[in-house]
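What follows is the content of entry.cif (mmCIF, C-alpha atoms).
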```cif
data_structure
#
loop_
_atom_site.label_atom_id
_atom_site.label_comp_id
_atom_site.auth_asym_id
_atom_site.auth_seq_id
_atom_site.Cartn_x
_atom_site.Cartn_y
_atom_site.Cartn_z
CA MET A 1 0.00 0.00 0.00
CA GLN A 2 1.23 3.49 -0.85
CA ASP A 3 2.12 5.95 1.88
CA ARG A 4 -0.65 8.24 3.01
CA ILE A 5 -1.22 11.39 0.97
CA ARG A 6 0.27 14.50 2.57
CA LEU A 7 -2.75 16.80 2.55
CA VAL A 8 -2.39 20.45 3.54
CA LEU A 9 -5.54 22.26 4.64
CA VAL A 10 -5.23 26.01 4.02
CA TYR A 11 -7.27 28.59 5.93
CA GLY A 12 -8.73 31.11 3.47
CA SER A 13 -9.35 33.90 5.94
CA VAL A 14 -6.99 35.83 8.18
CA CYS A 15 -9.62 37.93 9.98
CA GLU A 16 -9.68 38.02 13.77
CA GLU A 17 -12.61 36.08 15.27
CA ARG A 18 -13.08 34.50 11.85
CA PHE A 19 -15.88 32.10 11.02
CA CYS A 20 -13.29 30.12 9.03
CA ASP A 21 -12.15 28.44 12.26
CA GLN A 22 -15.53 26.69 12.61
CA VAL A 23 -15.50 25.44 9.04
CA VAL A 24 -11.88 24.30 9.32
CA ALA A 25 -12.69 22.42 12.55
CA TRP A 26 -15.49 20.56 10.76
CA ALA A 27 -13.31 19.79 7.72
CA ARG A 28 -10.45 18.62 9.92
CA GLU A 29 -12.76 16.26 11.78
CA GLN A 30 -13.98 14.79 8.48
CA ILE A 31 -10.44 14.27 7.17
CA GLU A 32 -9.12 12.78 10.41
CA GLN A 33 -11.77 10.04 10.20
CA ARG A 34 -10.08 8.78 7.03
CA SER A 35 -6.90 6.71 6.82
CA GLU A 36 -5.60 7.83 3.42
CA PHE A 37 -4.44 11.31 4.46
CA GLU A 38 -1.68 12.72 6.64
CA LEU A 39 -3.14 16.12 7.51
CA SER A 40 -1.33 19.41 8.14
CA LEU A 41 -2.98 22.80 8.68
CA VAL A 42 -1.50 26.02 7.32
CA ASP A 43 -2.82 29.42 8.34
CA PRO A 44 -1.82 32.31 6.03
CA ALA A 45 -2.23 34.66 9.00
CA ARG A 46 0.99 33.13 10.37
CA MET A 47 2.92 32.77 7.12
CA PHE A 48 4.31 36.26 6.69
CA ARG A 49 7.14 37.69 8.79
CA GLN A 50 5.83 40.10 11.41
CA PRO A 51 7.71 42.95 13.13
CA GLY A 52 9.05 41.71 16.45
CA GLU A 53 8.44 38.07 15.51
CA THR A 54 9.50 35.61 18.22
CA PRO A 55 11.87 32.75 17.41
CA GLU A 56 8.98 30.35 18.10
CA ALA A 57 6.76 32.09 15.54
CA ALA A 58 9.59 32.03 13.00
CA GLN A 59 10.08 28.29 13.63
CA GLN A 60 6.34 27.63 13.22
CA ARG A 61 6.33 29.60 9.95
CA HIS A 62 9.32 27.58 8.71
CA GLN A 63 7.58 24.29 9.59
CA SER A 64 4.45 25.40 7.71
CA GLN A 65 6.57 26.31 4.68
CA GLN A 66 8.11 22.84 4.73
CA GLN A 67 4.65 21.25 4.86
CA LEU A 68 3.62 23.30 1.82
CA LEU A 69 6.67 22.20 -0.13
CA ARG A 70 6.09 18.51 0.73
CA ALA A 71 2.34 18.61 0.03
CA GLU A 72 0.80 16.09 -2.33
CA ALA A 73 -2.69 17.61 -2.17
CA PHE A 74 -4.37 20.75 -0.88
CA LEU A 75 -7.76 21.60 0.57
CA ILE A 76 -8.61 25.30 0.73
CA VAL A 77 -11.34 26.49 3.11
CA THR A 78 -12.42 29.89 1.84
CA PRO A 79 -15.09 32.48 2.50
CA GLU A 80 -16.54 34.63 -0.24
CA TYR A 81 -16.19 38.39 0.12
CA ASN A 82 -17.88 40.63 -2.46
CA HIS A 83 -18.17 37.81 -5.05
CA GLY A 84 -14.52 36.81 -4.63
CA TYR A 85 -12.00 35.20 -2.34
CA PRO A 86 -10.01 37.13 0.29
CA ALA A 87 -7.00 39.23 -0.71
CA ALA A 88 -4.87 37.55 1.97
CA LEU A 89 -5.47 34.18 0.30
CA LYS A 90 -4.29 35.60 -3.04
CA GLN A 91 -1.19 37.03 -1.38
CA PHE A 92 -0.52 33.64 0.22
CA ILE A 93 -0.89 31.80 -3.11
CA ASP A 94 1.33 34.31 -4.91
CA GLU A 95 4.07 34.77 -2.33
CA VAL A 96 4.44 31.67 -0.15
CA PRO A 97 6.37 28.83 -1.82
CA ALA A 98 4.22 25.71 -2.19
CA SER A 99 4.26 22.66 -4.43
CA TRP A 100 1.07 23.44 -6.39
CA GLU A 101 2.35 21.99 -9.68
CA ALA A 102 0.76 18.68 -10.62
CA ARG A 103 -1.05 18.47 -7.26
CA PRO A 104 -4.81 18.29 -6.74
CA VAL A 105 -6.73 20.98 -4.87
CA GLY A 106 -10.15 20.63 -3.27
CA PHE A 107 -12.39 23.34 -1.82
CA VAL A 108 -14.70 23.93 1.10
CA SER A 109 -16.38 27.31 0.76
CA TYR A 110 -18.83 29.34 2.74
CA GLY A 111 -20.69 32.59 2.45
CA GLY A 112 -24.13 34.02 1.90
CA VAL A 113 -26.56 32.91 -0.76
CA SER A 114 -23.85 31.51 -3.09
CA GLY A 115 -22.09 29.52 -0.37
CA GLY A 116 -18.73 30.79 -1.60
CA LEU A 117 -18.96 29.17 -5.02
CA ARG A 118 -17.99 32.37 -6.84
CA ALA A 119 -14.78 32.49 -4.79
CA VAL A 120 -14.05 28.87 -5.72
CA GLU A 121 -14.56 29.52 -9.43
CA GLN A 122 -12.04 32.36 -9.29
CA LEU A 123 -9.57 30.20 -7.36
CA ARG A 124 -9.84 27.50 -10.04
CA GLN A 125 -8.58 30.02 -12.62
CA VAL A 126 -5.68 31.15 -10.44
CA LEU A 127 -4.61 27.61 -9.57
CA ALA A 128 -4.71 26.53 -13.22
CA GLU A 129 -1.98 29.10 -13.82
CA LEU A 130 0.10 27.35 -11.14
CA HIS A 131 -0.42 24.01 -12.91
CA ALA A 132 -2.56 22.63 -10.09
CA MET A 133 -5.43 20.23 -10.77
CA THR A 134 -8.66 21.30 -9.06
CA VAL A 135 -11.14 18.54 -8.30
CA ARG A 136 -14.73 18.99 -9.44
CA GLY A 137 -16.42 17.98 -6.19
CA SER A 138 -16.55 20.58 -3.44
CA VAL A 139 -18.43 21.49 -0.29
CA SER A 140 -20.22 24.80 0.11
CA PHE A 141 -22.11 26.25 3.02
CA THR A 142 -24.88 28.66 2.06
CA ASN A 143 -25.56 31.18 4.85
CA ALA A 144 -22.96 29.27 6.84
CA TRP A 145 -23.48 31.14 10.11
CA GLU A 146 -27.01 29.64 10.24
CA GLN A 147 -25.74 26.07 9.82
CA PHE A 148 -23.54 25.88 12.92
CA ASP A 149 -24.83 25.87 16.49
CA GLU A 150 -23.46 27.55 19.64
CA GLN A 151 -21.00 24.66 20.12
CA ARG A 152 -19.66 25.34 16.61
CA ARG A 153 -21.10 22.08 15.25
CA LEU A 154 -23.17 21.58 12.12
CA THR A 155 -26.84 21.33 12.99
CA GLU A 156 -27.69 19.12 9.99
CA PRO A 157 -24.42 17.51 8.86
CA ARG A 158 -25.70 14.75 6.53
CA ARG A 159 -25.48 16.63 3.21
CA ALA A 160 -22.16 18.35 3.99
CA ASN A 161 -20.60 15.13 5.31
CA SER A 162 -21.67 13.31 2.15
CA ALA A 163 -20.29 16.03 -0.14
CA MET A 164 -17.03 16.06 1.80
CA ALA A 165 -16.67 12.27 1.58
CA HIS A 166 -17.23 12.42 -2.19
CA MET A 167 -14.72 15.24 -2.62
CA LEU A 168 -12.10 13.48 -0.49
CA VAL A 169 -12.42 10.34 -2.65
CA GLN A 170 -11.75 12.49 -5.73
CA LEU A 171 -8.87 14.30 -4.01
CA ASN A 172 -7.26 11.01 -2.98
CA TRP A 173 -7.65 9.51 -6.48
CA TRP A 174 -6.04 12.52 -8.13
CA ALA A 175 -3.29 12.71 -5.50
CA GLN A 176 -2.43 9.00 -5.94
CA THR A 177 -2.54 9.27 -9.73
CA LEU A 178 -0.47 12.46 -9.91
CA ARG A 179 2.05 11.06 -7.41
CA ALA A 180 2.55 8.01 -9.64
CA GLY A 181 2.85 10.28 -12.67
CA ARG A 182 5.47 12.51 -11.04
CA GLU A 183 7.46 9.42 -10.00
CA ARG A 184 7.36 8.08 -13.55
CA VAL A 185 7.97 11.37 -15.38
CA PRO A 186 9.04 14.44 -13.38
CA TYR A 187 6.72 17.38 -14.02
CA GLU A 188 8.40 20.28 -15.77
CA ARG A 189 6.71 23.64 -15.88
CA ILE A 190 7.81 25.60 -18.91
CA ARG A 191 8.27 29.21 -17.99
CA GLY A 192 7.84 31.79 -20.70
#
```
How would this structure read if it were set down as structure tokens?
Amino acid sequence: MQDRIRLVLVYGSVCEERFCDQVVAWAREQIEQRSEFELSLVDPARMFRQPGETPEAAQQRHQSQQQLLRAEAFLIVTPEYNHGYPAALKQFIDEVPASWEARPVGFVSYGGVSGGLRAVEQLRQVLAELHAMTVRGSVSFTNAWEQFDEQRRLTEPRRANSAMAHMLVQLNWWAQTLRAGRERVPYERIRG
């Protein structure tokens, strides 16, 4: 049996008191119930050097960078702001080194009436430029703040759990397939 897929879950929001933490907690719980993934979490809020940064914070940032470079698959949890994804997520994608090329990316989105799907569609375009492979299945939470209770748990988890399971199967398949492909023929990105 192949080694487990190194999956990096990326927070899409850097806001204080962010709702993203609730959605990430749910996604993490779903992933940790599965045996095919080795999960790491990366928070863009901690990925950029800050004035007066402690040695511990610098070490944590370095460890997160290493996880991104070793990743075999990604899952981005993103809100939708004004029909798009957050600027901090774009900065993270553009500036923090990660092994996006020939790796699959899945999405869990949340927002108002669209459930974050417009943000996901924009992210698909950006990640195509980085030679990533986005999986078709995704999870979206329409009016997300109404779907979680005071204990930060989904009130009716059946549909979301099912969508997540389906998406994780796709993510694993693509990760296994692309891993085998990279081992057989190293991926070369032609830069113009």
key: Non-local contacts of Ser162 (chain A) (12 Å; all atoms listed in the file; under 5 positions in same chain excluded) as a PyMOL selection string   = chain A and resi 27+30+137-140+156-157+167-169
Expected file: the selected residues, C-alpha atoms, as a PDB file, in the coordinates of the input:
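Generated file (part.pdb):
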```
ATOM      1  CA  ALA A  27     -13.310  19.790   7.720  1.00  0.00           C
ATOM      2  CA  GLN A  30     -13.980  14.790   8.480  1.00  0.00           C
ATOM      3  CA  GLY A 137     -16.420  17.980  -6.190  1.00  0.00           C
ATOM      4  CA  SER A 138     -16.550  20.580  -3.440  1.00  0.00           C
ATOM      5  CA  VAL A 139     -18.430  21.490  -0.290  1.00  0.00           C
ATOM      6  CA  SER A 140     -20.220  24.800   0.110  1.00  0.00           C
ATOM      7  CA  GLU A 156     -27.690  19.120   9.990  1.00  0.00           C
ATOM      8  CA  PRO A 157     -24.420  17.510   8.860  1.00  0.00           C
ATOM      9  CA  MET A 167     -14.720  15.240  -2.620  1.00  0.00           C
ATOM     10  CA  LEU A 168     -12.100  13.480  -0.490  1.00  0.00           C
ATOM     11  CA  VAL A 169     -12.420  10.340  -2.650  1.00  0.00           C
TER      12      VAL A 169
END
```
request  = May I ask for the distance between CA of Phe92 (chain A) and CA of Pro44 (chain A), given in Å to one decimal place?
outcome  =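 It comes out at 6.1 Å.
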ask   = Which value, in Å to one decimal, gives the distance between CA of Leu39 (chain A) and CA of Thr54 (chain A)?
value = 25.6 Å
task = Report as an NGL selection string the residues that result from applying the PyMOL selection byres ((chain A and resi 173-177) around 8) to the structure here.
result = :A and (5 or 72-73 or 103-104 or 135 or 169-172 or 178-181)
task = Using only C-alpha atoms, pick whichever of A:Met47, A:Leu68, A:Ala163, A:Ala57 has the shortest atom-to-atom distance to Arg6 (chain A).
result =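 Comparing A:Met47, A:Leu68, A:Ala163, A:Ala57 against Arg6 (chain A), the winner is A:Leu68.
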query = What separation in Å, quoted to one decimal, exists between CA of Arg136 (chain A) and CA of Gln66 (chain A)?
reply =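 Here the two named atoms are 27.2 Å from each other.
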message = I want to know what sits within 12 Å of Glu188 (chain A), based on only C-alpha atoms, with residues of the same chain fewer than 4 positions away left out; could you give that as a PyMOL selection string?
response = chain A and resi 101-102+130-131+181-182
task = Select, from A:Pro79, A:Gly106, A:Gly84, A:Gly12, the residue with the minimum atom-to-atom distance to Ala144 (chain A), counting all atoms listed in the file.
result = A:Pro79
Option closest in space to Glu129 (chain A), from A:Val8, A:Gly111, A:Asp94, A:Gln67 [counting all atoms listed in the file] =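 Smallest separation from Glu129 (chain A) among the options: A:Asp94.
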query = Could you write out as a PyMOL selection string the residues that the PyMOL selection byres ((chain A and resi 40) around 7) matches in the shown file?
reply = chain A and resi 7-9+38-39+41-42
Quick one: write out the picked residues with C-alpha atoms as a short mmCIF file (atom, residue, chain, number, x, y, z; two decimals), keeping the file's coordinate frame?
```cif
data_model
loop_
_atom_site.label_atom_id
_atom_site.label_comp_id
_atom_site.auth_asym_id
_atom_site.auth_seq_id
_atom_site.Cartn_x
_atom_site.Cartn_y
_atom_site.Cartn_z
CA LEU A 7 -2.75 16.80 2.55
CA VAL A 8 -2.39 20.45 3.54
CA LEU A 9 -5.54 22.26 4.64
CA GLU A 38 -1.68 12.72 6.64
CA LEU A 39 -3.14 16.12 7.51
CA LEU A 41 -2.98 22.80 8.68
CA VAL A 42 -1.50 26.02 7.32
#
```
Nearest-residue call for Val24 (chain A), choices A:Gln65, A:Gln125, A:Gln60, A:Ser109, using only C-alpha atoms =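 Of all the options, A:Ser109 lies closest to Val24 (chain A).
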Would you list the residues near (-2.0, 37.7, 11.4), meaning any protein, DNA or RNA residue with an atom at most 10 Å from that point in file coordinates, counting only C-alpha atoms, as a PDB file with C-alpha atoms, in the coordinates of the input?
```
ATOM      1  CA  SER A  13      -9.350  33.900   5.940  1.00  0.00           C
ATOM      2  CA  VAL A  14      -6.990  35.830   8.180  1.00  0.00           C
ATOM      3  CA  CYS A  15      -9.620  37.930   9.980  1.00  0.00           C
ATOM      4  CA  GLU A  16      -9.680  38.020  13.770  1.00  0.00           C
ATOM      5  CA  ASP A  43      -2.820  29.420   8.340  1.00  0.00           C
ATOM      6  CA  PRO A  44      -1.820  32.310   6.030  1.00  0.00           C
ATOM      7  CA  ALA A  45      -2.230  34.660   9.000  1.00  0.00           C
ATOM      8  CA  ARG A  46       0.990  33.130  10.370  1.00  0.00           C
ATOM      9  CA  MET A  47       2.920  32.770   7.120  1.00  0.00           C
ATOM     10  CA  PHE A  48       4.310  36.260   6.690  1.00  0.00           C
ATOM     11  CA  ARG A  49       7.140  37.690   8.790  1.00  0.00           C
ATOM     12  CA  GLN A  50       5.830  40.100  11.410  1.00  0.00           C
ATOM     13  CA  ALA A  88      -4.870  37.550   1.970  1.00  0.00           C
TER      14      ALA A  88
END
```
message = Please list, as a ChimeraX atom specification, the residues that have an atom at most 9 Å away from (-14.5, 28.8, -4.5) in the coordinates of this file, counting all atoms listed in the file.
response = /A:76-80,84-85,107-110,115-124,138,140
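Between Ala160 (chain A) and the residues A:Val23, A:Glu17, A:Tyr11, A:Ser35, the shortest atom-to-atom distance, using only C-alpha atoms, involves A:Val23.
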